[in-house]
Amino acid sequence: MTAETISTVAAAPDAVRWSGAKRFLFRFAFCYFTLYICPIPTGPGLLGLIPGSSFLSQAIARGWMKVLPWFAIHIFRLSGAAVSVYRPSGTGDKTLDYVLVLVFLSIAAIASIVWTALDARRPNYVVLDAWLRLAIRYFLVYQMIVYGVNKVIPVQFTQPRLTDLLTPTGMRSRTGEFWTLMGISTPYVIFSGVGELLAAGLLMFQRTRVIGAIVTFAVLSNVVALNFGYNVGVKLFSSHLLVMALFLVAPHAGALKDFFVLNKPARLANADPLAKLPAPVRLAIACTAVILLAVFITTTARQNWSNYETIKSRITQTPLYGVYDVDAFVRDGRDVLPLTTDETRWKRVILQTPTGVVVQVMTDAWPWPWYRAAYDQDKKTLSLFDVQTRKPRGGFAYSQVDNDHVILDGTLDGQPLLVHLSRLDVASLPLLRDTFSWVHEVPPSDQ
């Protein structure tokens, strides 16, 4: 809506007539966005802002999880394990997630056609458009707060694990490499989170909603580029957020062009769906929104801080935490030589969590074997279990000769095993040693 029509719409909304194409596109956008900002398998939607709504949002999400395989198999004629059941995971780019988008597009198209047939004479949807944009604004506020807090309290991108520091670059996925890249620089992660929170803060208020939409679009453009460039499994979701931000900016494109490009006076459209409501009602709505956002931000921050402390505590809760080179490997009383062709002799042991042990063998076979673990610090024992079956694989008594040397004495898969370990100085690795510096000299080897 242009600035020239503001007074006209305020006086008589029906006096503005949209073209038939614009009305149909609005109906389609309204139907699609309404479906998407409701709870879906990958997120609780706007309901997530309401305390105590998790039961309802989860019920709706579970409903979609049940019907999506039917759509995939019977409507879109897909087959295979990927579409037989919806499996919640950290990725939102599964086959059934794309099926969900196709289902939403189909529903929106059918609903738009029916809506057009039943409401063809309506000149515009100015009021409904304003309400839709308000809902999208707060959906984006919700999502930007979630991702922003996850970065300001760095739990989305944490410091690299010990295994990450030792894994050859070529053995890692593009996504894994990206996660390490981000996690190694906590200041940059926090900076990214501040940008997302700034976008959310500007979107909250009517007076700053346009600049908020522009900042949100800029921030999300970078996020989407990273997700596509590094194959991160939220390409669908982040793309939807980007389109929503563009949807908020689009009506002001003319005014923004006049102001920033043509250096002409410009006036932004100010369609506020709450403007005509009585003052007490507007105040009540504003107070409710502020309270809900405050509760949500507080709850999210508290939960993230708890997760952050849990992640940090792995160091103190993991006895013998660190990376160890294997100096001696004695099996059945015989010293096993460190031959690079031996796929059973240990080369290195990585102790990075209280529930897992990772082993690097002499052949550097990938992926590295790992075991579920359980420590008894009073008895100084370490028990190992199969990752899949959780059946016992072996156990060791451990003793520390000093801070940098450990001896494991026990059995693995029924064979007696004695392992002498020496700690690797992880802090000396180039990735951790290369901290911030103002001056960068060129090493002689690079000249």
# chains A, B, ... in the order shown; residues from 1 in each chain; ligands from 1

$ residues_around --residues "A:Arg423" --least-positions-apart "2" --cutoff "8 Å" --atoms "only C-alpha atoms" --output "list of chain:residue names"
A:Gly322, A:Val323, A:Tyr324, A:Asp325, A:Asp404, A:His405, A:Leu421, A:Asp425

$ select_by_dssp --residues "stretch 145-267 of chain A" --states "helix (DSSP H, G or I)" --output "ChimeraX atom specification"
/A:145-152,162-166,169-171,174-183,186-204,209-229,235-260

$ residues_around --residues "A:Met244" --least-positions-apart "6" --cutoff "12 Å" --atoms "only C-alpha atoms" --output "list in words"
Ala29, Phe30, Tyr32, Phe33, Thr34, Tyr36, Ile37, Leu132, Arg133, Leu134, Ala135, Ile136, Arg137, Tyr138, Phe139, Leu140, Val141, Gln143, Ala213, Ile214, Thr216, Phe217, Leu220, Ser221, Phe237, Ser238 and Ala250 of chain A

$ write_last_selection --atoms "C-alpha atoms" --output "PDB file, in the first residue's frame"
ATOM      1  CA  ALA A  29      -0.241 -15.869   0.548  1.00  0.00           C
ATOM      2  CA  PHE A  30      -2.703 -15.584   3.415  1.00  0.00           C
ATOM      3  CA  TYR A  32      -0.003 -20.460   2.899  1.00  0.00           C
ATOM      4  CA  PHE A  33       1.543 -18.242   5.570  1.00  0.00           C
ATOM      5  CA  THR A  34      -1.287 -19.025   7.985  1.00  0.00           C
ATOM      6  CA  TYR A  36       3.161 -22.235   8.004  1.00  0.00           C
ATOM      7  CA  ILE A  37       3.108 -20.087  11.147  1.00  0.00           C
ATOM      8  CA  LEU A 132      -1.468 -11.021   8.388  1.00  0.00           C
ATOM      9  CA  ARG A 133       1.593  -8.789   8.436  1.00  0.00           C
ATOM     10  CA  LEU A 134       1.241  -8.343  12.188  1.00  0.00           C
ATOM     11  CA  ALA A 135       1.153 -12.135  12.658  1.00  0.00           C
ATOM     12  CA  ILE A 136       4.175 -12.614  10.394  1.00  0.00           C
ATOM     13  CA  ARG A 137       6.051  -9.875  12.244  1.00  0.00           C
ATOM     14  CA  TYR A 138       5.610 -11.631  15.566  1.00  0.00           C
ATOM     15  CA  PHE A 139       6.404 -15.018  14.055  1.00  0.00           C
ATOM     16  CA  LEU A 140       9.696 -13.561  12.841  1.00  0.00           C
ATOM     17  CA  VAL A 141      10.231 -11.897  16.221  1.00  0.00           C
ATOM     18  CA  GLN A 143      12.209 -17.053  15.533  1.00  0.00           C
ATOM     19  CA  ALA A 213      11.950  -5.946   8.343  1.00  0.00           C
ATOM     20  CA  ILE A 214      14.919  -4.615   6.353  1.00  0.00           C
ATOM     21  CA  THR A 216      15.692  -9.049   9.319  1.00  0.00           C
ATOM     22  CA  PHE A 217      15.909  -9.519   5.553  1.00  0.00           C
ATOM     23  CA  LEU A 220      18.368 -13.822   7.007  1.00  0.00           C
ATOM     24  CA  SER A 221      19.929 -13.370   3.569  1.00  0.00           C
ATOM     25  CA  PHE A 237      12.836 -23.149   7.051  1.00  0.00           C
ATOM     26  CA  SER A 238      15.320 -20.290   6.706  1.00  0.00           C
ATOM     27  CA  ALA A 250       7.667  -5.287  -0.358  1.00  0.00           C
TER      28      ALA A 250
END

$ residues_around --residues "A:Gln400" --least-positions-apart "3" --cutoff "12 Å" --atoms "only C-alpha atoms" --output "ChimeraX atom specification"
/A:319-320,380-381,397,403-409,420-423

$ residues_around --residues "stretch 199-202 of chain A" --least-positions-apart "2" --cutoff "12 Å" --atoms "only C-alpha atoms" --output "count of residues only"
42
